[in-house]
Amino acid sequence: MSAWEKNIRKVIPYVPGEQPKDKNIIKLNTNENPYDPSPRVMAKQLELEALRKYPDPAVSDLVNALADYHGVSNSQVFVGVGSDDVIAMSFMTFFHGDKPILFPDITYSFYDVWAELFGISYNQVAVDDNFELKLEDYYQPNGGIIFPNPNAPTSIAKPISFIEDVVKHNTDVVVIVDEAYVDFGCESALSLVDKYDNVLVVRTYSKSRSMAGLRIGYAIGNEKLIRYLNDVKYSFNSYTMNYPSIVLGVESLADEDYFRETIAKVMETRDWFTEEIRKIGFRCPDSSTNFVFVTHEKLQAKDIYEQAKANKIIVRYFAKPRIDNYLRITIGTREEMETFLTFLKKLVSNA
């Protein structure tokens with residue numbers, strides 16, 4: 001080991017889903033939306049000369065548009081470079097106490113990475129045998145709570161009554177609800193923001209708005225929470241959001257009809273695909289996301305993953321305790337899912 005390495009912060013990094021270069025692959029591994037962004041986004045003319053200037057550090061146009069869209073004050077909105085940036089900022093801002101923060105043991109695998117990176121004590125709370133969060137587990141003393149709703153990779157949503165119960169039992173810490181997939185059939189916790197001053201709801205453009213490549217995420221919460229978040233942002237990087245993302249993020253919000261149309265198509269395909277794979281021996285929870293979380297009664301998940309990849313279909317396999325025989329399958333277009341279903345039927349029939 002070189003002498004200078006003793007000063008290096010060493011972490012086990014988050015492993016993102018594979019991004020293949022082959023255009024002919026059916027990509028069902030990173031929960032992107034299979035449909036294009038709104039035609040308004042695609043047609044918007046950018047003033048390219050503006051690229052020579054720094055973008056608005058306050059991201060005012062997008063903040064104001066999001067506030068109008070959700071019916072909140074602009075002082076209740078924080079914008080970042082994808083929801084990952086927003087959540088990372090939130091970890092740095094709100095999880096600074098002496099007690100460990102809480103999040104599920106089967107959940108978004110970036111949470112423990114951030115906790116380790118920022119030196120935050122944490123407890124991973126075990127979900128039950130059906131991958132459900134248990135209320136009583138979140139009654140223990142803690143320094144903050146975060147969980148996705150719906151959860152990932154399990155696809156299971158909890159009702160607003162569950163979330164409010166968690167908040168009521170933890171009014172002395174910040175409770176973050178990660179709503180990356182909320183548009184695909186789950187009730188949002190936004191109604192709790194004005195009721196409780198310790199609730200932060202985080203959203204993203206990456207899933208339902210088909211704009212993962214522009215990296216737009218945001219949070220809505222009490223004005224004081226947002227002010228604290230901005231203090232950390234301006235101490236870390238004032239210019240977090242680039243000019244194209246600001247302009248096109250605003251444009252996306254102006255096309256509600258297209259937004260609802262594409263979500264409906266994803267949900268319809270999801271429900272059809274779920275029904276069809278259950279017929280051939282797969283088990284999965286009812287999904288409230290744009291993916292399904294599946295296991296088979298006879299086939300091993302790793303084998304399915306490897307054989308699918310050999311046939312130019314990529315899904316997500318997690319070599320982790322409790323879920324190492326499950327696959328997370330993003331919902332693509334109906335044509336893509338029909339192709340994958342044909343592959344699965346052949347695989348099952350040859351088992």
# chains A, B, ... in the order shown; residues from 1 in each chain; ligands from 1
$ residues_around --residues "Tyr69 (chain A)" --least-positions-apart "3" --cutoff "10 Å" --atoms "only C-alpha atoms" --output "tab-separated table (two decimals) with N, CA and C atoms, in the first residue's frame"
chain	number	residue	atom	x	y	z
A	63	VAL	N	-38.27	25.34	-9.97
A	63	VAL	CA	-38.86	25.35	-8.62
A	63	VAL	C	-40.27	25.92	-8.66
A	64	ASN	N	-40.44	27.03	-9.35
A	64	ASN	CA	-41.77	27.66	-9.43
A	64	ASN	C	-42.77	26.77	-10.17
A	65	ALA	N	-42.31	26.12	-11.25
A	65	ALA	CA	-43.19	25.24	-12.01
A	65	ALA	C	-43.61	24.03	-11.17
A	66	LEU	N	-42.68	23.47	-10.42
A	66	LEU	CA	-43.01	22.33	-9.55
A	66	LEU	C	-43.95	22.75	-8.43
A	72	VAL	N	-48.02	23.87	-3.92
A	72	VAL	CA	-47.31	24.25	-2.70
A	72	VAL	C	-46.57	25.56	-2.95
A	250	VAL	N	-39.25	22.04	-16.86
A	250	VAL	CA	-40.45	22.88	-16.85
A	250	VAL	C	-41.40	22.43	-17.95
A	253	LEU	N	-43.70	19.36	-17.32
A	253	LEU	CA	-44.84	19.57	-16.42
A	253	LEU	C	-46.05	20.14	-17.15
A	254	ALA	N	-45.82	20.71	-18.34
A	254	ALA	CA	-46.91	21.36	-19.08
A	254	ALA	C	-47.69	20.38	-19.94
A	256	GLU	N	-49.57	17.30	-19.17
A	256	GLU	CA	-50.15	16.32	-18.25
A	256	GLU	C	-50.81	15.17	-18.98
$ select_by_dssp --residues "region 40-193 of chain A" --states "helix (DSSP H, G or I)" --output "PDB file with C-alpha atoms, in the first residue's frame"
ATOM      1  CA  ARG A  40     -43.203  19.214 -25.890  1.00  0.00           C
ATOM      2  CA  VAL A  41     -39.856  18.270 -24.381  1.00  0.00           C
ATOM      3  CA  MET A  42     -38.637  16.766 -27.635  1.00  0.00           C
ATOM      4  CA  ALA A  43     -39.640  19.849 -29.647  1.00  0.00           C
ATOM      5  CA  LEU A  48     -27.654  27.177 -26.905  1.00  0.00           C
ATOM      6  CA  GLU A  49     -25.826  30.452 -26.406  1.00  0.00           C
ATOM      7  CA  ALA A  50     -27.001  30.260 -22.798  1.00  0.00           C
ATOM      8  CA  LEU A  51     -24.614  27.338 -22.273  1.00  0.00           C
ATOM      9  CA  ARG A  52     -21.703  29.760 -21.898  1.00  0.00           C
ATOM     10  CA  SER A  60     -36.169  29.376 -10.002  1.00  0.00           C
ATOM     11  CA  ASP A  61     -38.087  28.476 -13.161  1.00  0.00           C
ATOM     12  CA  LEU A  62     -38.218  24.785 -12.324  1.00  0.00           C
ATOM     13  CA  VAL A  63     -38.856  25.349  -8.623  1.00  0.00           C
ATOM     14  CA  ASN A  64     -41.768  27.662  -9.432  1.00  0.00           C
ATOM     15  CA  ALA A  65     -43.193  25.238 -12.006  1.00  0.00           C
ATOM     16  CA  LEU A  66     -43.012  22.333  -9.554  1.00  0.00           C
ATOM     17  CA  ALA A  67     -44.611  24.426  -6.811  1.00  0.00           C
ATOM     18  CA  ASP A  68     -47.491  25.348  -9.130  1.00  0.00           C
ATOM     19  CA  TYR A  69     -47.862  21.743 -10.294  1.00  0.00           C
ATOM     20  CA  HIS A  70     -48.097  20.354  -6.758  1.00  0.00           C
ATOM     21  CA  ASN A  74     -41.943  27.655  -3.985  1.00  0.00           C
ATOM     22  CA  SER A  75     -40.174  27.829  -0.622  1.00  0.00           C
ATOM     23  CA  GLN A  76     -41.256  24.212  -0.090  1.00  0.00           C
ATOM     24  CA  GLY A  82     -31.701  13.386  -9.885  1.00  0.00           C
ATOM     25  CA  SER A  83     -33.302  12.108  -6.719  1.00  0.00           C
ATOM     26  CA  ASP A  84     -29.969  10.498  -5.789  1.00  0.00           C
ATOM     27  CA  ASP A  85     -28.461  13.969  -5.417  1.00  0.00           C
ATOM     28  CA  VAL A  86     -31.471  15.154  -3.426  1.00  0.00           C
ATOM     29  CA  ILE A  87     -31.297  12.181  -1.065  1.00  0.00           C
ATOM     30  CA  ALA A  88     -27.525  12.460  -0.652  1.00  0.00           C
ATOM     31  CA  MET A  89     -27.976  16.126   0.288  1.00  0.00           C
ATOM     32  CA  SER A  90     -30.719  15.063   2.699  1.00  0.00           C
ATOM     33  CA  PHE A  91     -28.449  12.517   4.378  1.00  0.00           C
ATOM     34  CA  MET A  92     -25.804  15.214   4.881  1.00  0.00           C
ATOM     35  CA  THR A  93     -28.381  17.717   6.131  1.00  0.00           C
ATOM     36  CA  PHE A  94     -30.821  15.833   8.325  1.00  0.00           C
ATOM     37  CA  TYR A 111     -28.948   4.142   1.398  1.00  0.00           C
ATOM     38  CA  ASP A 112     -26.285   2.168   3.244  1.00  0.00           C
ATOM     39  CA  VAL A 113     -23.622   3.452   0.823  1.00  0.00           C
ATOM     40  CA  TRP A 114     -24.472   7.074   1.683  1.00  0.00           C
ATOM     41  CA  ALA A 115     -24.602   6.266   5.379  1.00  0.00           C
ATOM     42  CA  GLU A 116     -21.148   4.706   5.205  1.00  0.00           C
ATOM     43  CA  LEU A 117     -19.779   7.534   3.060  1.00  0.00           C
ATOM     44  CA  LEU A 135     -44.869  -0.494  11.709  1.00  0.00           C
ATOM     45  CA  GLU A 136     -43.589  -1.479  15.132  1.00  0.00           C
ATOM     46  CA  ASP A 137     -40.019  -1.622  13.808  1.00  0.00           C
ATOM     47  CA  TYR A 138     -40.132   2.149  13.317  1.00  0.00           C
ATOM     48  CA  ILE A 160     -50.769   6.705   3.534  1.00  0.00           C
ATOM     49  CA  SER A 161     -52.065   5.572   6.951  1.00  0.00           C
ATOM     50  CA  PHE A 162     -48.872   3.540   7.433  1.00  0.00           C
ATOM     51  CA  ILE A 163     -46.652   6.502   6.610  1.00  0.00           C
ATOM     52  CA  GLU A 164     -48.573   8.852   8.853  1.00  0.00           C
ATOM     53  CA  ASP A 165     -48.302   6.377  11.722  1.00  0.00           C
ATOM     54  CA  VAL A 166     -44.519   6.290  11.260  1.00  0.00           C
ATOM     55  CA  VAL A 167     -44.412  10.091  11.272  1.00  0.00           C
ATOM     56  CA  LYS A 168     -46.596  10.369  14.382  1.00  0.00           C
ATOM     57  CA  VAL A 182     -45.238   6.720  -6.820  1.00  0.00           C
ATOM     58  CA  ASP A 183     -46.864   7.624 -10.156  1.00  0.00           C
ATOM     59  CA  PHE A 184     -47.354   3.970 -11.082  1.00  0.00           C
ATOM     60  CA  LEU A 190     -47.467  14.873  -0.154  1.00  0.00           C
ATOM     61  CA  SER A 191     -50.650  15.459   1.852  1.00  0.00           C
ATOM     62  CA  LEU A 192     -48.567  15.049   5.036  1.00  0.00           C
TER      63      LEU A 192
END
$ residues_around --residues "Val348 (chain A)" --least-positions-apart "6" --cutoff "12 Å" --atoms "only C-alpha atoms" --output "PyMOL selection string"
chain A and resi 277-282+296-300+303-304+307+341-342
$ write_last_selection --atoms "N, CA and C atoms" --output "tab-separated table (two decimals), in the first residue's frame"
chain	number	residue	atom	x	y	z
A	277	ILE	N	-46.96	-14.26	-16.39
A	277	ILE	CA	-45.84	-15.02	-15.81
A	277	ILE	C	-46.30	-15.86	-14.62
A	278	ARG	N	-47.34	-15.45	-13.94
A	278	ARG	CA	-47.87	-16.28	-12.86
A	278	ARG	C	-48.42	-17.59	-13.40
A	279	LYS	N	-48.88	-17.59	-14.62
A	279	LYS	CA	-49.41	-18.80	-15.25
A	279	LYS	C	-48.33	-19.85	-15.49
A	280	ILE	N	-47.06	-19.41	-15.56
A	280	ILE	CA	-45.97	-20.35	-15.85
A	280	ILE	C	-45.05	-20.55	-14.64
A	281	GLY	N	-45.60	-20.32	-13.46
A	281	GLY	CA	-44.87	-20.69	-12.24
A	281	GLY	C	-44.09	-19.61	-11.54
A	282	PHE	N	-44.20	-18.37	-12.00
A	282	PHE	CA	-43.52	-17.27	-11.31
A	282	PHE	C	-44.41	-16.73	-10.19
A	296	HIS	N	-39.17	-17.94	-9.31
A	296	HIS	CA	-39.84	-19.07	-9.94
A	296	HIS	C	-39.77	-20.28	-9.03
A	297	GLU	N	-40.79	-21.10	-9.10
A	297	GLU	CA	-40.89	-22.26	-8.21
A	297	GLU	C	-39.82	-23.32	-8.49
A	298	LYS	N	-39.27	-23.34	-9.72
A	298	LYS	CA	-38.27	-24.35	-10.08
A	298	LYS	C	-36.96	-23.76	-10.57
A	299	LEU	N	-37.03	-22.69	-11.33
A	299	LEU	CA	-35.84	-22.12	-11.95
A	299	LEU	C	-35.11	-21.18	-10.99
A	300	GLN	N	-33.79	-21.15	-11.09
A	300	GLN	CA	-32.97	-20.26	-10.27
A	300	GLN	C	-32.86	-18.90	-10.95
A	303	ASP	N	-29.76	-18.20	-13.05
A	303	ASP	CA	-29.75	-18.91	-14.33
A	303	ASP	C	-30.64	-18.19	-15.34
A	304	ILE	N	-31.80	-17.73	-14.90
A	304	ILE	CA	-32.69	-16.99	-15.80
A	304	ILE	C	-32.00	-15.73	-16.28
A	307	GLN	N	-29.20	-16.64	-18.85
A	307	GLN	CA	-29.72	-17.10	-20.12
A	307	GLN	C	-30.44	-15.99	-20.87
A	341	LEU	N	-41.61	-12.69	-22.61
A	341	LEU	CA	-42.52	-13.75	-22.17
A	341	LEU	C	-42.32	-15.01	-23.00
A	342	THR	N	-42.15	-14.85	-24.31
A	342	THR	CA	-41.89	-16.00	-25.18
A	342	THR	C	-40.62	-16.71	-24.74
$ select_by_dssp --residues "region 141-300 of chain A" --states "strand (DSSP E or B)" --output "list of chain:residue names"
A:Ile145, A:Ile146, A:Phe147, A:Pro148, A:Val175, A:Ile176, A:Val177, A:Asp178, A:Val199, A:Leu200, A:Val201, A:Val202, A:Arg203, A:Thr204, A:Gly217, A:Tyr218, A:Ala219, A:Ile220, A:Gly221, A:Phe282, A:Arg283, A:Phe291, A:Val292, A:Phe293, A:Val294, A:Thr295, A:His296
$ write_last_selection --atoms "C-alpha atoms" --output "mmCIF file, in the first residue's frame"
data_model
loop_
_atom_site.group_PDB
_atom_site.id
_atom_site.type_symbol
_atom_site.label_atom_id
_atom_site.label_comp_id
_atom_site.auth_asym_id
_atom_site.auth_seq_id
_atom_site.Cartn_x
_atom_site.Cartn_y
_atom_site.Cartn_z
ATOM 1 C CA ILE A 145 -35.969 7.420 8.866
ATOM 2 C CA ILE A 146 -35.957 6.870 5.119
ATOM 3 C CA PHE A 147 -37.791 4.343 2.971
ATOM 4 C CA PRO A 148 -39.138 4.227 -0.568
ATOM 5 C CA VAL A 175 -38.830 11.158 7.946
ATOM 6 C CA ILE A 176 -37.963 10.937 4.253
ATOM 7 C CA VAL A 177 -40.348 9.201 1.858
ATOM 8 C CA ASP A 178 -38.626 8.309 -1.405
ATOM 9 C CA VAL A 199 -41.746 15.031 6.465
ATOM 10 C CA LEU A 200 -39.720 15.268 3.261
ATOM 11 C CA VAL A 201 -41.087 13.734 0.050
ATOM 12 C CA VAL A 202 -38.560 13.043 -2.723
ATOM 13 C CA ARG A 203 -39.498 12.608 -6.398
ATOM 14 C CA THR A 204 -37.691 12.031 -9.700
ATOM 15 C CA GLY A 217 -34.968 15.166 -8.851
ATOM 16 C CA TYR A 218 -36.751 17.248 -6.259
ATOM 17 C CA ALA A 219 -38.037 17.304 -2.715
ATOM 18 C CA ILE A 220 -41.100 18.882 -1.145
ATOM 19 C CA GLY A 221 -41.342 19.633 2.535
ATOM 20 C CA PHE A 282 -43.523 -17.274 -11.314
ATOM 21 C CA ARG A 283 -44.461 -15.646 -8.020
ATOM 22 C CA PHE A 291 -41.175 -3.165 -12.535
ATOM 23 C CA VAL A 292 -42.023 -6.557 -11.081
ATOM 24 C CA PHE A 293 -40.075 -8.544 -8.503
ATOM 25 C CA VAL A 294 -40.236 -12.234 -9.339
ATOM 26 C CA THR A 295 -39.076 -15.691 -8.364
ATOM 27 C CA HIS A 296 -39.838 -19.069 -9.937
#
$ closest_atom_pairs --of "region 128-187 of chain A" --to "region 325-334 of chain A" --cutoff "12 Å" --atoms "only C-alpha atoms" --output "Markdown table"
| residue | atom | partner | partner_atom | distance |
| --- | --- | --- | --- | --- |
| A:Phe131 | CA | A:Tyr326 | CA | 12.0 |
| A:Ala152 | CA | A:Arg328 | CA | 9.0 |
| A:Pro153 | CA | A:Arg328 | CA | 6.5 |
| A:Thr154 | CA | A:Arg328 | CA | 8.0 |
| A:Ser155 | CA | A:Arg328 | CA | 9.0 |
| A:Tyr181 | CA | A:Thr330 | CA | 11.8 |
| A:Phe184 | CA | A:Ile331 | CA | 11.2 |
$ write_last_selection --atoms "N, CA and C atoms" --output "mmCIF file, in the first residue's frame"
data_model
loop_
_atom_site.group_PDB
_atom_site.id
_atom_site.type_symbol
_atom_site.label_atom_id
_atom_site.label_comp_id
_atom_site.auth_asym_id
_atom_site.auth_seq_id
_atom_site.Cartn_x
_atom_site.Cartn_y
_atom_site.Cartn_z
ATOM 1 N N PHE A 131 -41.859 -9.468 2.470
ATOM 2 C CA PHE A 131 -41.162 -8.233 2.086
ATOM 3 C C PHE A 131 -41.921 -6.969 2.480
ATOM 4 N N ALA A 152 -38.378 -0.477 -3.287
ATOM 5 C CA ALA A 152 -37.612 -1.091 -4.363
ATOM 6 C C ALA A 152 -36.498 -1.918 -3.719
ATOM 7 N N PRO A 153 -36.269 -3.127 -4.205
ATOM 8 C CA PRO A 153 -36.776 -3.704 -5.448
ATOM 9 C C PRO A 153 -38.049 -4.528 -5.319
ATOM 10 N N THR A 154 -38.746 -4.451 -4.187
ATOM 11 C CA THR A 154 -39.868 -5.367 -3.967
ATOM 12 C C THR A 154 -41.140 -4.959 -4.695
ATOM 13 N N SER A 155 -41.279 -3.675 -5.039
ATOM 14 C CA SER A 155 -42.437 -3.100 -5.754
ATOM 15 C C SER A 155 -43.668 -2.924 -4.877
ATOM 16 N N TYR A 181 -41.235 5.908 -7.521
ATOM 17 C CA TYR A 181 -42.165 5.132 -8.345
ATOM 18 C C TYR A 181 -43.629 5.426 -8.047
ATOM 19 N N PHE A 184 -46.892 5.197 -10.455
ATOM 20 C CA PHE A 184 -47.354 3.970 -11.082
ATOM 21 C C PHE A 184 -48.361 3.197 -10.229
#
$ closest_residue --among "A:Met241, A:Ala126, A:Ile101, A:Ala308" --to "Pro321 (chain A)" --atoms "only C-alpha atoms"
A:Ala126
$ atom_distance --atom1 "CA of Val59 (chain A)" --atom2 "CA of Phe236 (chain A)"
15.6 Å
$ residues_around --residues "Val173 (chain A)" --least-positions-apart "6" --cutoff "8 Å" --atoms "only C-alpha atoms" --output "JSON, numbers by chain"
{"A": [142, 143, 144, 145, 198]}
